[in-house]
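See below for target18.pdb, which holds PDB, C-alpha atoms and all ligand atoms.
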```pdb
ATOM      1  CA  MET A   1      -9.514  63.012 -48.926
ATOM      2  CA  LEU A   2     -10.349  59.683 -47.355
ATOM      3  CA  LYS A   3      -8.485  57.886 -50.108
ATOM      4  CA  ASN A   4      -5.395  60.012 -49.465
ATOM      5  CA  PHE A   5      -5.697  59.467 -45.791
ATOM      6  CA  SER A   6      -5.893  55.716 -45.932
ATOM      7  CA  ARG A   7      -3.055  55.432 -48.427
ATOM      8  CA  HIS A   8      -0.838  57.529 -46.224
ATOM      9  CA  PHE A   9      -2.031  55.801 -43.129
ATOM     10  CA  VAL A  10      -1.265  52.323 -44.435
ATOM     11  CA  ILE A  11       2.065  53.027 -46.083
ATOM     12  CA  SER A  12       3.899  55.022 -43.483
ATOM     13  CA  ASN A  13       1.988  55.321 -40.279
ATOM     14  CA  ASP A  14       0.179  52.103 -39.470
ATOM     15  CA  VAL A  15       2.986  51.188 -37.112
ATOM     16  CA  VAL A  16       2.649  54.456 -35.280
ATOM     17  CA  LEU A  17      -1.063  54.059 -34.809
ATOM     18  CA  LYS A  18      -0.749  50.425 -33.780
ATOM     19  CA  ASP A  19       1.785  51.542 -31.183
ATOM     20  CA  VAL A  20      -0.459  54.308 -30.004
ATOM     21  CA  ARG A  21      -3.348  51.889 -29.554
ATOM     22  CA  LYS A  22      -1.119  49.415 -27.715
ATOM     23  CA  ASP A  23       0.252  52.098 -25.436
ATOM     24  CA  ILE A  24      -3.042  53.689 -24.767
ATOM     25  CA  GLY A  25      -4.400  50.266 -23.903
ATOM     26  CA  ARG A  26      -1.668  49.872 -21.313
ATOM     27  CA  TYR A  27      -1.728  53.460 -20.155
ATOM     28  CA  VAL A  28      -5.365  54.264 -19.676
ATOM     29  CA  ALA A  29      -6.794  52.025 -16.993
ATOM     30  CA  ASP A  30      -9.800  54.193 -16.299
ATOM     31  CA  SER A  31     -12.609  53.193 -18.641
ATOM     32  CA  SER A  32     -14.105  56.604 -19.320
ATOM     33  CA  ARG A  33     -10.695  57.996 -20.264
ATOM     34  CA  ARG A  34     -10.087  54.873 -22.348
ATOM     35  CA  ALA A  35     -13.335  55.464 -24.226
ATOM     36  CA  PHE A  36     -12.367  59.089 -24.790
ATOM     37  CA  LEU A  37      -8.911  58.231 -26.097
ATOM     38  CA  GLN A  38     -10.181  55.461 -28.333
ATOM     39  CA  ARG A  39     -12.632  57.919 -29.838
ATOM     40  CA  SER A  40      -9.784  60.343 -30.333
ATOM     41  CA  LEU A  41      -8.126  57.813 -32.627
ATOM     42  CA  THR A  42     -10.943  58.004 -35.146
ATOM     43  CA  LEU A  43     -10.452  60.279 -38.120
ATOM     44  CA  GLY A  44     -12.275  63.131 -36.404
ATOM     45  CA  GLY A  45     -10.366  62.533 -33.225
ATOM     46  CA  LEU A  46      -7.053  62.994 -34.966
ATOM     47  CA  SER A  47      -7.861  66.656 -35.374
ATOM     48  CA  LEU A  48      -8.769  66.779 -31.700
ATOM     49  CA  LEU A  49      -5.255  65.760 -30.705
ATOM     50  CA  SER A  50      -3.476  67.789 -33.346
ATOM     51  CA  GLY A  51      -5.660  70.872 -33.341
ATOM     52  CA  CYS A  52      -5.921  70.916 -37.140
ATOM     53  CA  ASP A  53      -8.544  69.861 -39.644
ATOM     54  CA  ILE A  54      -7.824  66.747 -41.611
ATOM     55  CA  VAL A  55      -8.472  68.042 -45.077
ATOM     56  CA  ASP A  56      -5.327  67.244 -47.022
ATOM     57  CA  GLU A  57      -2.169  65.210 -46.889
ATOM     58  CA  ASN A  58      -0.220  67.904 -45.000
ATOM     59  CA  SER A  59      -2.702  68.135 -42.205
ATOM     60  CA  VAL A  60      -2.829  64.355 -42.031
ATOM     61  CA  ASP A  61       0.949  64.444 -41.632
ATOM     62  CA  THR A  62       0.656  67.040 -38.910
ATOM     63  CA  ALA A  63      -2.017  65.028 -37.140
ATOM     64  CA  LEU A  64      -0.024  61.825 -37.327
ATOM     65  CA  SER A  65       3.226  63.391 -36.171
ATOM     66  CA  THR A  66       1.374  64.970 -33.252
ATOM     67  CA  ILE A  67       0.093  61.508 -32.342
ATOM     68  CA  SER A  68       3.581  60.117 -32.773
ATOM     69  CA  ARG A  69       5.067  62.706 -30.399
ATOM     70  CA  PHE A  70       2.300  61.933 -27.935
ATOM     71  CA  ASN A  71       3.215  58.271 -28.344
ATOM     72  CA  ASP A  72       6.911  59.078 -27.631
ATOM     73  CA  ARG A  73       5.917  60.698 -24.363
ATOM     74  CA  VAL A  74       3.659  57.820 -23.333
ATOM     75  CA  GLN A  75       6.323  55.246 -24.181
ATOM     76  CA  GLY A  76       8.971  57.251 -22.338
ATOM     77  CA  LEU A  77       6.738  57.379 -19.260
ATOM     78  CA  LEU A  78       5.933  53.674 -19.483
ATOM     79  CA  PHE A  79       9.523  52.568 -20.018
ATOM     80  CA  ASN A  80      10.657  50.652 -16.965
ATOM     81  CA  PRO A  81      14.463  50.847 -16.706
ATOM     82  CA  SER A  82      14.691  47.603 -14.734
ATOM     83  CA  HIS A  83      12.219  45.514 -16.757
ATOM     84  CA  LEU A  84      14.155  42.972 -18.841
ATOM     85  CA  ALA A  85      13.221  41.826 -22.341
ATOM     86  CA  PRO A  86      12.903  38.021 -22.706
ATOM     87  CA  THR A  87      16.076  36.050 -23.386
ATOM     88  CA  TYR A  88      16.223  32.661 -25.147
ATOM     89  CA  ALA A  89      18.234  29.463 -25.263
ATOM     90  CA  ASP A  90      20.986  29.227 -27.906
ATOM     91  CA  SER A  91      18.960  26.437 -29.535
ATOM     92  CA  MET A  92      16.271  28.992 -30.412
ATOM     93  CA  ILE A  93      18.563  31.238 -32.481
ATOM     94  CA  THR A  94      17.101  31.881 -35.961
ATOM     95  CA  ARG A  95      19.456  30.522 -38.623
ATOM     96  CA  PRO A  96      20.309  32.163 -40.883
ATOM     97  CA  PHE A  97      19.596  35.422 -39.093
ATOM     98  CA  PRO A  98      17.956  37.888 -41.538
ATOM     99  CA  PHE A  99      19.823  40.844 -43.013
ATOM    100  CA  ASN A 100      18.096  44.184 -43.375
ATOM    101  CA  ALA A 101      19.114  47.719 -44.318
ATOM    102  CA  PHE A 102      17.819  50.542 -46.500
ATOM    103  CA  TYR A 103      19.775  48.901 -49.372
ATOM    104  CA  GLY A 104      20.431  45.334 -50.513
ATOM    105  CA  GLU A 105      22.865  42.855 -49.033
ATOM    106  CA  ASP A 106      25.225  43.245 -52.021
ATOM    107  CA  GLN A 107      25.765  46.892 -50.999
ATOM    108  CA  VAL A 108      26.803  46.282 -47.400
ATOM    109  CA  VAL A 109      29.462  48.742 -46.256
ATOM    110  CA  VAL A 110      32.734  47.043 -45.359
ATOM    111  CA  VAL A 111      34.576  49.047 -42.685
ATOM    112  CA  ASP A 112      38.345  48.548 -42.482
ATOM    113  CA  GLU A 113      39.326  47.963 -38.873
ATOM    114  CA  ALA A 114      42.854  49.302 -39.497
ATOM    115  CA  ASP A 115      41.684  52.846 -40.079
ATOM    116  CA  TYR A 116      38.528  52.765 -38.000
ATOM    117  CA  GLN A 117      38.158  55.153 -35.055
ATOM    118  CA  LEU A 118      34.927  55.495 -33.087
ATOM    119  CA  GLU A 119      34.192  59.179 -32.483
ATOM    120  CA  VAL A 120      32.642  60.203 -29.164
ATOM    121  CA  GLY A 121      31.216  63.704 -28.783
ATOM    122  CA  GLY A 122      28.706  66.090 -27.310
ATOM    123  CA  MET A 123      28.116  66.099 -23.558
ATOM    124  CA  VAL A 124      30.952  63.772 -22.552
ATOM    125  CA  ALA A 125      34.086  64.472 -20.488
ATOM    126  CA  ASP A 126      36.427  62.327 -22.605
ATOM    127  CA  LYS A 127      36.159  62.923 -26.366
ATOM    128  CA  ARG A 128      39.085  60.757 -27.426
ATOM    129  CA  THR A 129      38.402  58.274 -30.227
ATOM    130  CA  TRP A 130      38.312  54.503 -29.697
ATOM    131  CA  THR A 131      39.800  51.656 -31.699
ATOM    132  CA  VAL A 132      37.941  48.337 -31.934
ATOM    133  CA  ALA A 133      40.746  46.712 -29.895
ATOM    134  CA  GLU A 134      40.164  49.152 -27.039
ATOM    135  CA  LEU A 135      36.468  48.315 -27.035
ATOM    136  CA  ARG A 136      37.244  44.584 -27.042
ATOM    137  CA  ALA A 137      39.422  45.144 -23.957
ATOM    138  CA  MET A 138      36.402  46.268 -21.917
ATOM    139  CA  PRO A 139      34.362  43.617 -20.022
ATOM    140  CA  GLN A 140      31.890  41.898 -22.374
ATOM    141  CA  ILE A 141      28.593  40.082 -21.932
ATOM    142  CA  ASP A 142      26.392  38.282 -24.421
ATOM    143  CA  GLN A 143      22.687  37.745 -24.723
ATOM    144  CA  VAL A 144      20.171  35.931 -26.899
ATOM    145  CA  THR A 145      17.200  38.181 -27.642
ATOM    146  CA  ARG A 146      14.491  38.767 -30.223
ATOM    147  CA  HIS A 147      14.891  41.454 -32.882
ATOM    148  CA  ILE A 148      11.596  42.802 -34.212
ATOM    149  CA  CYS A 149      11.511  44.644 -37.555
ATOM    150  CA  VAL A 150       8.499  46.752 -38.514
ATOM    151  CA  GLU A 151       8.687  45.260 -42.009
ATOM    152  CA  GLY A 152       6.953  42.224 -40.544
ATOM    153  CA  TRP A 153       9.587  39.800 -39.333
ATOM    154  CA  SER A 154      11.242  38.963 -36.072
ATOM    155  CA  ALA A 155      14.188  36.701 -35.315
ATOM    156  CA  ILE A 156      16.210  35.520 -32.342
ATOM    157  CA  GLY A 157      19.938  36.270 -32.370
ATOM    158  CA  LYS A 158      22.934  36.299 -30.088
ATOM    159  CA  TRP A 159      24.957  39.473 -29.652
ATOM    160  CA  GLY A 160      27.958  40.081 -27.424
ATOM    161  CA  GLY A 161      29.705  43.271 -26.385
ATOM    162  CA  VAL A 162      30.097  46.040 -23.860
ATOM    163  CA  PRO A 163      27.072  47.067 -21.749
ATOM    164  CA  PHE A 164      26.428  50.540 -23.150
ATOM    165  CA  ALA A 165      25.923  52.022 -19.647
ATOM    166  CA  ASN A 166      29.536  51.030 -18.816
ATOM    167  CA  PHE A 167      30.788  52.681 -21.978
ATOM    168  CA  LEU A 168      28.859  55.892 -21.224
ATOM    169  CA  GLN A 169      30.259  55.955 -17.704
ATOM    170  CA  ARG A 170      33.783  55.339 -19.015
ATOM    171  CA  VAL A 171      33.640  58.338 -21.360
ATOM    172  CA  GLY A 172      32.146  60.525 -18.638
ATOM    173  CA  ALA A 173      28.843  61.062 -20.433
ATOM    174  CA  ASP A 174      26.438  63.513 -18.815
ATOM    175  CA  LEU A 175      23.818  60.950 -17.783
ATOM    176  CA  SER A 176      21.268  63.683 -17.180
ATOM    177  CA  ALA A 177      21.242  64.527 -20.912
ATOM    178  CA  SER A 178      18.170  63.440 -22.882
ATOM    179  CA  TYR A 179      19.493  61.768 -26.040
ATOM    180  CA  ILE A 180      22.277  59.710 -27.540
ATOM    181  CA  GLY A 181      22.782  60.095 -31.286
ATOM    182  CA  PHE A 182      24.491  57.621 -33.635
ATOM    183  CA  LYS A 183      26.081  58.206 -37.031
ATOM    184  CA  CYS A 184      26.794  55.163 -39.170
ATOM    185  CA  ALA A 185      29.299  54.367 -41.902
ATOM    186  CA  ASP A 186      26.460  53.831 -44.425
ATOM    187  CA  ASP A 187      24.927  57.271 -43.716
ATOM    188  CA  TYR A 188      22.207  55.748 -41.563
ATOM    189  CA  TYR A 189      21.577  57.618 -38.321
ATOM    190  CA  THR A 190      19.310  57.259 -35.322
ATOM    191  CA  SER A 191      18.994  58.327 -31.699
ATOM    192  CA  ILE A 192      17.676  56.993 -28.407
ATOM    193  CA  ASP A 193      16.545  58.229 -25.005
ATOM    194  CA  MET A 194      18.972  58.133 -22.060
ATOM    195  CA  ALA A 195      16.831  55.654 -20.043
ATOM    196  CA  THR A 196      17.135  53.087 -22.846
ATOM    197  CA  ALA A 197      20.852  53.831 -23.263
ATOM    198  CA  LEU A 198      21.376  52.924 -19.592
ATOM    199  CA  HIS A 199      19.145  49.816 -19.687
ATOM    200  CA  PRO A 200      21.103  46.705 -18.596
ATOM    201  CA  GLN A 201      20.381  44.879 -21.888
ATOM    202  CA  THR A 202      21.568  47.714 -24.147
ATOM    203  CA  LEU A 203      24.850  46.500 -25.665
ATOM    204  CA  LEU A 204      27.539  48.041 -27.809
ATOM    205  CA  ALA A 205      27.692  44.768 -29.726
ATOM    206  CA  LEU A 206      31.005  43.596 -31.212
ATOM    207  CA  THR A 207      30.064  39.958 -31.883
ATOM    208  CA  TYR A 208      27.270  38.007 -33.493
ATOM    209  CA  ASP A 209      26.817  34.363 -32.411
ATOM    210  CA  GLY A 210      30.246  34.297 -30.757
ATOM    211  CA  GLN A 211      32.112  35.608 -33.844
ATOM    212  CA  THR A 212      33.320  39.090 -34.742
ATOM    213  CA  LEU A 213      30.261  40.949 -36.023
ATOM    214  CA  PRO A 214      30.238  40.323 -39.796
ATOM    215  CA  PRO A 215      29.838  43.317 -42.157
ATOM    216  CA  LYS A 216      26.199  42.491 -42.937
ATOM    217  CA  TYR A 217      25.247  42.682 -39.247
ATOM    218  CA  GLY A 218      27.112  45.948 -38.692
ATOM    219  CA  PHE A 219      30.912  45.541 -38.349
ATOM    220  CA  PRO A 220      32.644  46.930 -36.417
ATOM    221  CA  MET A 221      29.787  47.488 -33.996
ATOM    222  CA  LYS A 222      26.084  47.987 -33.634
ATOM    223  CA  LEU A 223      23.944  49.082 -30.738
ATOM    224  CA  ARG A 224      21.733  46.168 -29.759
ATOM    225  CA  MET A 225      18.611  46.912 -27.719
ATOM    226  CA  PRO A 226      16.000  44.180 -27.200
ATOM    227  CA  THR A 227      13.669  46.893 -25.848
ATOM    228  CA  LYS A 228      13.552  48.696 -29.199
ATOM    229  CA  LEU A 229      12.410  47.920 -32.740
ATOM    230  CA  GLY A 230      15.004  46.987 -35.380
ATOM    231  CA  TYR A 231      15.339  50.436 -36.979
ATOM    232  CA  LYS A 232      16.472  51.914 -33.623
ATOM    233  CA  ASN A 233      19.475  49.501 -33.550
ATOM    234  CA  PRO A 234      22.232  51.241 -35.576
ATOM    235  CA  LYS A 235      24.830  49.104 -37.381
ATOM    236  CA  HIS A 236      28.331  50.265 -38.484
ATOM    237  CA  ILE A 237      28.415  52.974 -35.809
ATOM    238  CA  LYS A 238      31.138  55.540 -36.455
ATOM    239  CA  ALA A 239      30.120  58.312 -34.048
ATOM    240  CA  ILE A 240      28.243  58.464 -30.759
ATOM    241  CA  PHE A 241      27.189  61.800 -29.263
ATOM    242  CA  VAL A 242      25.303  62.872 -26.152
ATOM    243  CA  THR A 243      22.893  65.782 -26.551
ATOM    244  CA  ASN A 244      19.764  67.524 -25.335
ATOM    245  CA  THR A 245      18.558  68.165 -28.900
ATOM    246  CA  ASN A 246      16.693  65.227 -30.444
ATOM    247  CA  PRO A 247      18.878  64.077 -33.375
ATOM    248  CA  GLY A 248      16.036  62.164 -35.114
ATOM    249  CA  GLY A 249      16.849  59.265 -37.390
ATOM    250  CA  TYR A 250      16.821  57.950 -40.961
ATOM    251  CA  TRP A 251      13.374  56.299 -40.657
ATOM    252  CA  GLU A 252      12.159  58.443 -37.782
ATOM    253  CA  ASP A 253      12.472  61.569 -39.950
ATOM    254  CA  GLN A 254      10.247  59.842 -42.530
ATOM    255  CA  GLY A 255       7.448  59.223 -40.045
ATOM    256  CA  TYR A 256       8.427  56.160 -38.027
ATOM    257  CA  ASN A 257       7.759  56.628 -34.350
ATOM    258  CA  TRP A 258      10.856  58.085 -32.652
ATOM    259  CA  PHE A 259      10.714  56.115 -29.373
ATOM    260  CA  GLY A 260      10.278  52.844 -31.296
ATOM    261  CA  GLY A 261       9.809  50.569 -28.283
ATOM    262  CA  SER A 262       9.187  46.864 -28.860
TER     263      SER A 262
HETATM  264  N1  LIG B 301      23.628  51.435 -40.308
HETATM  265  C1  LIG B 301      22.417  50.892 -40.439
HETATM  266  N2  LIG B 301      21.827  50.366 -39.356
HETATM  267  C2  LIG B 301      20.613  49.801 -39.457
HETATM  268  C3  LIG B 301      19.892  49.778 -40.690
HETATM  269  C4  LIG B 301      20.533  50.352 -41.820
HETATM  270  O1  LIG B 301      20.006  50.385 -42.956
HETATM  271  N3  LIG B 301      21.802  50.893 -41.663
HETATM  272  N4  LIG B 301      18.637  49.187 -40.765
HETATM  273  C5  LIG B 301      17.908  48.968 -39.495
HETATM  274  C6  LIG B 301      16.810  48.018 -39.615
HETATM  275  S1  LIG B 301      15.349  48.600 -40.263
HETATM  276  C7  LIG B 301      16.898  46.721 -39.140
HETATM  277  S2  LIG B 301      15.571  45.665 -39.141
HETATM  278  C8  LIG B 301      18.163  46.203 -38.602
HETATM  279  C9  LIG B 301      18.581  44.905 -39.325
HETATM  280  O2  LIG B 301      19.702  44.352 -38.719
HETATM  281  P1  LIG B 301      20.277  42.958 -39.198
HETATM  282  O3  LIG B 301      20.829  43.136 -40.605
HETATM  283  O4  LIG B 301      21.318  42.595 -38.208
HETATM  284  O5  LIG B 301      19.115  41.995 -39.196
HETATM  285  O6  LIG B 301      19.228  47.131 -38.715
HETATM  286  C10 LIG B 301      18.853  48.473 -38.412
HETATM  287  N5  LIG B 301      20.051  49.263 -38.346
HETATM  288 MO    MO B 302      13.796  47.040 -39.580
END
```

Spell out the structure here as structure tokens.
Ligand SMILES: Nc1nc2c(c(=O)[nH]1)N[C@H]1C(S)=C(S)[C@@H](COP(=O)(O)O)O[C@H]1N2
Ligand SMILES: [Mo]
Amino acid sequence: MLKNFSRHFVISNDVVLKDVRKDIGRYVADSSRRAFLQRSLTLGGLSLLSGCDIVDENSVDTALSTISRFNDRVQGLLFNPSHLAPTYADSMITRPFPFNAFYGEDQVVVVDEADYQLEVGGMVADKRTWTVAELRAMPQIDQVTRHICVEGWSAIGKWGGVPFANFLQRVGADLSASYIGFKCADDYYTSIDMATALHPQTLLALTYDGQTLPPKYGFPMKLRMPTKLGYKNPKHIKAIFVTNTNPGGYWEDQGYNWFGGS
């Protein structure tokens, strides 16, 4: 049982538990509650949070996903919509900037701009599709920020594009909805909370380092959020939808923490 637990723990959930510890550290100022919550992160404590006995891999999964949902709530509560992630000088940009996806660089999807249309759906007033040219016609900003991947690397890059809050306002999104979902041309998918969607550094990025976003970094566009881990930043977006039902995500549905704050 212990062997199963630690294998599972290390392969797919160490990130989640590290996040939980980090968040609990920030969240619980009171020392007696801190001691209680730290105890609850021991093996026995997992069952305390999840209400199930940790006897096999399924109950470990249940325990860990309960912790992960708890972690989503804590991160959502802690998220400060006006707190800015650090920005860097151009001279600090990591060159070459790493590529990552759930496949190799030789399999990157190449979207043809000529027949590309961004779909917008769900709880929005204006569901018309967008061409890349129409997106380029909106006011743009750029920013140099750090991208952190849970696979153990981080790198500084420069992305430019439309502040996502402006885009959501333009399409008449219901800003009281809970989630924004993204579908990508490579069958990746993910979703974010509305507070992060409206954060001033969340960009519908059309450029990388001053050039049109190349295919490997997500042409024709990616959502760039310096407040979230790499896997929450969808490349090759083909559809954006606003919803009150959590759409999950490619990695999130395999156990990565849904909130995925960095
Ligand atoms: N469409 C799509 N978006 C994706 C991924 C992917 O496989 N497909 N991988 C994610 C992960 S895990 C990371 S670290 C970043 C990598 O982005 P980069 O290639 O610009 O470094 O893209 C994220 N967004
Ligand atoms: Mo990643």

Q) Hey, what's within 12 Å of Gly76 (chain A) if we count all atoms listed in the file and toss same-chain stuff fewer than 2 positions away? As a PyMOL selection string, please? A) chain A and resi 23+27+69-74+78-81+178+192-196+227-228+258-261

Q.
Assuming the chain letters and numbering stay as they are in my file, what does the PyMOL selection byres (((chain A and resi 203) around 9) and not hetatm) actually select? List them as a ChimeraX atom specification.
A. /A:141-142,159-165,197,199-202,204-206,222-225

Kindly save the residues from that selection, with C-alpha atoms included, as a compact mmCIF listing (two decimals), in the frame of the given file.
```
# COMPACT_ATOMS: atom_id res chain seq x y z
CA ILE A 141 28.59 40.08 -21.93
CA ASP A 142 26.39 38.28 -24.42
CA TRP A 159 24.96 39.47 -29.65
CA GLY A 160 27.96 40.08 -27.42
CA GLY A 161 29.70 43.27 -26.38
CA VAL A 162 30.10 46.04 -23.86
CA PRO A 163 27.07 47.07 -21.75
CA PHE A 164 26.43 50.54 -23.15
CA ALA A 165 25.92 52.02 -19.65
CA ALA A 197 20.85 53.83 -23.26
CA HIS A 199 19.14 49.82 -19.69
CA PRO A 200 21.10 46.70 -18.60
CA GLN A 201 20.38 44.88 -21.89
CA THR A 202 21.57 47.71 -24.15
CA LEU A 204 27.54 48.04 -27.81
CA ALA A 205 27.69 44.77 -29.73
CA LEU A 206 31.00 43.60 -31.21
CA LYS A 222 26.08 47.99 -33.63
CA LEU A 223 23.94 49.08 -30.74
CA ARG A 224 21.73 46.17 -29.76
CA MET A 225 18.61 46.91 -27.72
```

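Among the candidate residues A:Trp130, A:Tyr231, A:Tyr256, A:Trp251, the one lying nearest to ligand MO 302 (chain B) is A:Tyr231, with distances computed using all atoms listed in the file.
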
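Taking only C-alpha atoms and all ligand atoms into account, every polymer residue with at least one atom at most 8 Å away from ligand MO 302 (chain B) is listed here: Asn100, Ala101, Ile148, Cys149, Val150, Glu151, Leu229, Gly230 and Tyr231 of chain A.
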
Q. Using all atoms listed in the file, what are the residues with an atom within 10 Å of ligand LIG 301 (chain B), set out as a PyMOL selection string?
A. chain A and resi 97-105+108-109+147-157+159+182-190+208+213-219+221-224+229-238+250-251

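For the set A:Lys158, A:His83, A:Arg170, A:Arg95, the residue with the smallest atom-to-atom gap to Met138 (chain A) is A:Arg170, counting all atoms listed in the file.
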
All heavy atoms modelled onto region 243-251 of chain A, as a PDB file, keeping the file's coordinate frame:
```
ATOM      1  N   THR A 243      23.470  64.468 -26.249  1.00  0.00           N
ATOM      2  CA  THR A 243      22.893  65.782 -26.551  1.00  0.00           C
ATOM      3  C   THR A 243      21.529  65.980 -25.892  1.00  0.00           C
ATOM      4  O   THR A 243      20.869  65.007 -25.518  1.00  0.00           O
ATOM      5  CB  THR A 243      22.761  65.947 -28.091  1.00  0.00           C
ATOM      6  OG1 THR A 243      22.051  67.148 -28.386  1.00  0.00           O
ATOM      7  CG2 THR A 243      22.014  64.788 -28.731  1.00  0.00           C
ATOM      8  N   ASN A 244      21.126  67.228 -25.786  1.00  0.00           N
ATOM      9  CA  ASN A 244      19.764  67.524 -25.335  1.00  0.00           C
ATOM     10  C   ASN A 244      18.846  67.896 -26.491  1.00  0.00           C
ATOM     11  O   ASN A 244      17.693  68.237 -26.288  1.00  0.00           O
ATOM     12  CB  ASN A 244      19.778  68.668 -24.304  1.00  0.00           C
ATOM     13  CG  ASN A 244      20.104  68.138 -22.914  1.00  0.00           C
ATOM     14  OD1 ASN A 244      19.718  67.016 -22.556  1.00  0.00           O
ATOM     15  ND2 ASN A 244      20.823  68.919 -22.129  1.00  0.00           N
ATOM     16  N   THR A 245      19.371  67.855 -27.719  1.00  0.00           N
ATOM     17  CA  THR A 245      18.558  68.165 -28.900  1.00  0.00           C
ATOM     18  C   THR A 245      18.278  66.858 -29.627  1.00  0.00           C
ATOM     19  O   THR A 245      19.222  66.156 -30.001  1.00  0.00           O
ATOM     20  CB  THR A 245      19.336  69.108 -29.839  1.00  0.00           C
ATOM     21  OG1 THR A 245      19.795  70.216 -29.070  1.00  0.00           O
ATOM     22  CG2 THR A 245      18.477  69.590 -30.987  1.00  0.00           C
ATOM     23  N   ASN A 246      17.028  66.515 -29.821  1.00  0.00           N
ATOM     24  CA  ASN A 246      16.693  65.227 -30.444  1.00  0.00           C
ATOM     25  C   ASN A 246      17.291  65.116 -31.853  1.00  0.00           C
ATOM     26  O   ASN A 246      16.916  65.873 -32.745  1.00  0.00           O
ATOM     27  CB  ASN A 246      15.165  65.076 -30.500  1.00  0.00           C
ATOM     28  CG  ASN A 246      14.756  63.667 -30.928  1.00  0.00           C
ATOM     29  OD1 ASN A 246      15.468  63.006 -31.679  1.00  0.00           O
ATOM     30  ND2 ASN A 246      13.605  63.225 -30.446  1.00  0.00           N
ATOM     31  N   PRO A 247      18.222  64.180 -32.075  1.00  0.00           N
ATOM     32  CA  PRO A 247      18.878  64.077 -33.375  1.00  0.00           C
ATOM     33  C   PRO A 247      18.037  63.374 -34.445  1.00  0.00           C
ATOM     34  O   PRO A 247      18.473  63.283 -35.595  1.00  0.00           O
ATOM     35  CB  PRO A 247      20.143  63.247 -33.075  1.00  0.00           C
ATOM     36  CG  PRO A 247      20.237  63.150 -31.573  1.00  0.00           C
ATOM     37  CD  PRO A 247      18.839  63.278 -31.071  1.00  0.00           C
ATOM     38  N   GLY A 248      16.868  62.838 -34.111  1.00  0.00           N
ATOM     39  CA  GLY A 248      16.036  62.164 -35.114  1.00  0.00           C
ATOM     40  C   GLY A 248      16.674  60.894 -35.623  1.00  0.00           C
ATOM     41  O   GLY A 248      17.508  60.281 -34.945  1.00  0.00           O
ATOM     42  N   GLY A 249      16.298  60.498 -36.826  1.00  0.00           N
ATOM     43  CA  GLY A 249      16.849  59.265 -37.390  1.00  0.00           C
ATOM     44  C   GLY A 249      16.424  59.106 -38.837  1.00  0.00           C
ATOM     45  O   GLY A 249      15.512  59.792 -39.309  1.00  0.00           O
ATOM     46  N   TYR A 250      17.065  58.180 -39.532  1.00  0.00           N
ATOM     47  CA  TYR A 250      16.821  57.950 -40.961  1.00  0.00           C
ATOM     48  C   TYR A 250      15.346  57.627 -41.225  1.00  0.00           C
ATOM     49  O   TYR A 250      14.715  58.233 -42.086  1.00  0.00           O
ATOM     50  CB  TYR A 250      17.716  56.810 -41.446  1.00  0.00           C
ATOM     51  CG  TYR A 250      17.546  56.468 -42.905  1.00  0.00           C
ATOM     52  CD1 TYR A 250      18.305  57.107 -43.884  1.00  0.00           C
ATOM     53  CD2 TYR A 250      16.610  55.515 -43.311  1.00  0.00           C
ATOM     54  CE1 TYR A 250      18.139  56.803 -45.224  1.00  0.00           C
ATOM     55  CE2 TYR A 250      16.441  55.200 -44.648  1.00  0.00           C
ATOM     56  CZ  TYR A 250      17.201  55.845 -45.604  1.00  0.00           C
ATOM     57  OH  TYR A 250      17.038  55.544 -46.923  1.00  0.00           O
ATOM     58  N   TRP A 251      14.792  56.658 -40.479  1.00  0.00           N
ATOM     59  CA  TRP A 251      13.374  56.299 -40.657  1.00  0.00           C
ATOM     60  C   TRP A 251      12.469  57.205 -39.840  1.00  0.00           C
ATOM     61  O   TRP A 251      11.358  57.545 -40.263  1.00  0.00           O
ATOM     62  CB  TRP A 251      13.140  54.824 -40.278  1.00  0.00           C
ATOM     63  CG  TRP A 251      13.757  53.870 -41.255  1.00  0.00           C
ATOM     64  CD1 TRP A 251      14.771  52.983 -41.032  1.00  0.00           C
ATOM     65  CD2 TRP A 251      13.395  53.708 -42.637  1.00  0.00           C
ATOM     66  NE1 TRP A 251      15.079  52.287 -42.177  1.00  0.00           N
ATOM     67  CE2 TRP A 251      14.247  52.706 -43.171  1.00  0.00           C
ATOM     68  CE3 TRP A 251      12.441  54.301 -43.472  1.00  0.00           C
ATOM     69  CZ2 TRP A 251      14.173  52.291 -44.512  1.00  0.00           C
ATOM     70  CZ3 TRP A 251      12.365  53.887 -44.806  1.00  0.00           C
ATOM     71  CH2 TRP A 251      13.230  52.893 -45.304  1.00  0.00           C
TER      72      TRP A 251
END
```
